[in-house]
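These notes concern the structure reproduced below.
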Amino acid sequence: MKLPVMTEIDDECCTGCGLCVTVCPSRTLELVDGKAKVTGDHSMHCGHCAAVCPTGAVTVRGVADDALTLATVENRAAWLPYGYFNTAELVRLMRSRRSCRTFSHEPVDKAILEDLVKIGMTAPSGTNSQMWTFTILPDRAAVETLGNATARFFRRLNTLAEKRSLRFLSRLFMKDILGWYHREYYDSVQEALREREETGADRLFHGATAAILVGMRPGASTPCEDALLASQNILLAAHAMGLGSCLIGFVVEAMKRDPGIKKVLRIPGEEKIYSVIALGYSETRFREPAGRKRVVPRYFEG
């Protein structure tokens, strides 16, 4: 992304060390007569130049440090040097986070949800586009509204999947999408819909009292990757803050195919939702982290 240059350099403070020139990915800066100067016509607004300057001579307008100021977590603004964090504890956090499907009725404070959004914003993004969108569902009523809209979509989909003629046409012209759905998901979705209608059981959000939808505005170079990286930040932070979390893929799929669901939530039509994160306080306490399937990494040398 070629963004307008918003970098400013204070000549009086600049010592000409050249560090800002070295770290600039867009080659926006050069040393001229022993001072850093803005010579390029575009920028990534990454802020590397300001972050590396030892004298504070560089300012990047439009990038606000207080955009990441947290309300429920201690703010430590100092950069953490390479190798200074406890890797064992980081891996322990990653391994301990598990999908929660037993949420309590306890609500989640809005300040915590807003902090989770800010933590999500610390993720990397392709060409530093930072074109995320975050939609917060702050209470159980909002979550149920999304759940009901999703349930309506799957009722319609199951009705279509029941028809053999449509499955046949799907096999001929749509790579058997409808037939595949009927074989893999129809029965379980039908059962979940029946339980929802008869007993009010929530097999979609599992009783979560809040949710965050992570989306992207048009124009990002790697929208899916950006949204999922931000989502992972939120998932890990939620665990560290005492919350359970669960990615709800069925809602993402429904929102891809039914624009009306975004209208219910007042999400602009041009935005695309890539993850739906159910949040709340877990009623389950696990004894140990989960294992994983073995993976043999592939090497290429040469």
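By order of appearance in the structure tokens: chains A, B, ..., then residues from 1 within every chain, and ligands from 1 in the order shown.
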>> List the spatial neighbours of His105 (chain A) as a ChimeraX atom specification - criterion: any atom at most 9 Å away, only C-alpha atoms, same-chain residues fewer than 5 positions off excluded.
In response: /A:140,207-209,280-281
Taking a cut-off of 12 Å and counting only C-alpha atoms, can you build a table that, for each residue of region 171-248 of chain A near region 101-104 of chain A, reports the nearest atom pair and how far apart they are in Å (one decimal), sorted by chain then residue number, as a tab-separated table?
residue	atom	partner	partner_atom	distance
A:Ala201	CA	A:Thr102	CA	11.9
A:Asp202	CA	A:Arg101	CA	9.8
A:Arg203	CA	A:Arg101	CA	8.4
A:Leu204	CA	A:Arg101	CA	9.1
A:Phe205	CA	A:Arg101	CA	7.6
A:His206	CA	A:Arg101	CA	5.2
A:Gly207	CA	A:Phe103	CA	5.5
A:Ala208	CA	A:Phe103	CA	5.3
A:Thr209	CA	A:Phe103	CA	7.6
A:Ala210	CA	A:Phe103	CA	10.1
A:Ala211	CA	A:Phe103	CA	12.0
A:Leu243	CA	A:Phe103	CA	9.3
A:Gly244	CA	A:Phe103	CA	7.4
A:Ser245	CA	A:Arg101	CA	8.2
A:Cys246	CA	A:Arg101	CA	7.2
A:Leu247	CA	A:Arg101	CA	10.2
A:Ile248	CA	A:Arg101	CA	10.6
> Looking only at the backbone, which of the residues in region 108-246 of chain A does DSSP tag as strand (DSSP E or B), as number ranges by chain?
Replying inline: A: 132-137, 210-216, 244-246
> Residues of region 50-234 of chain A in alpha helix (DSSP H) according to DSSP, as a PyMOL selection string?
Replying inline: chain A and resi 50-52+87-96+110-120+140-161+164-173+177-184+186-199+223-234
> Distance CA of Glu8 (chain A)-CA of Pro25 (chain A), one decimal place?
Replying inline: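 These atoms are spaced 16.3 Å apart.
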> With only C-alpha atoms as the atoms that count, which of A:Leu265, A:Met174, A:Thr133, A:Ser221 lies nearest to Ala149 (chain A)?
Replying inline: A:Leu265
>> Restricting the calculation to only C-alpha atoms: of A:Ile136, A:Leu169, A:Leu116, A:Leu236, which residue gets closest to Val276 (chain A)?
In response: A:Ile136
At a cut-off of 10 Å, can you tabulate as a tab-separated table every residue of region 30-115 of chain A near region 10-15 of chain A together with its closest atom pair and the distance in Å to one decimal, using only C-alpha atoms and ordering rows by chain then number?
residue	atom	partner	partner_atom	distance
A:Gly34	CA	A:Thr15	CA	7.8
A:Lys35	CA	A:Cys14	CA	6.3
A:Ala36	CA	A:Cys14	CA	6.9
A:Lys37	CA	A:Asp11	CA	8.7
A:Cys53	CA	A:Cys14	CA	8.6
A:Pro54	CA	A:Thr15	CA	9.0
A:Thr55	CA	A:Cys13	CA	6.2
A:Gly56	CA	A:Cys13	CA	7.1
A:Ala57	CA	A:Asp10	CA	5.0
A:Val58	CA	A:Asp10	CA	6.6
A:Thr59	CA	A:Asp10	CA	8.3
> With distances taken over only C-alpha atoms, which of A:Leu160, A:Leu93, A:Met121, A:Ala141 is nearest to Gly215 (chain A)?
Replying inline: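 The closest residue to Gly215 (chain A) is A:Met121.
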> If we count only C-alpha atoms, what is near region 188-200 of chain A at a cut-off of 12 Å, once residues fewer than 4 positions away on the same chain are taken out, given as a list in words?
Replying inline: Glu144, Gly147, Asn148, Thr150, Ala151, Arg152, Phe153, Phe154, Arg155, Arg156, Leu157, Asn158, Thr159, Ala161, Glu162, Tyr181, His182, Arg183, Glu184, Leu204, Phe205, His206, Gly207 and Phe250 of chain A
> Please, what distance in Å, to one decimal, runs between CA of Pro218 (chain A) and CA of Ile267 (chain A)?
Replying inline: 13.3 Å
> Can you list, as a PyMOL selection string, every protein, DNA or RNA residue that comes within 7 Å of Met131 (chain A) when you count only C-alpha atoms, leaving out same-chain residues fewer than 6 positions away?
Replying inline: chain A and resi 216-217+220
>> Just want the 10 Å neighbourhood of region 68-84 of chain A, counted on only C-alpha atoms, with same-chain residues fewer than 4 positions away dropped. Output as a PyMOL selection string.
In response: chain A and resi 51+64+109+111-122+241
> Pick from A:Arg61, A:Arg287, A:Arg92, A:Lys272: nearest to Arg257 (chain A), with only C-alpha atoms counted?
Replying inline: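 Checking each candidate against Arg257 (chain A), we get A:Lys272 as the closest.
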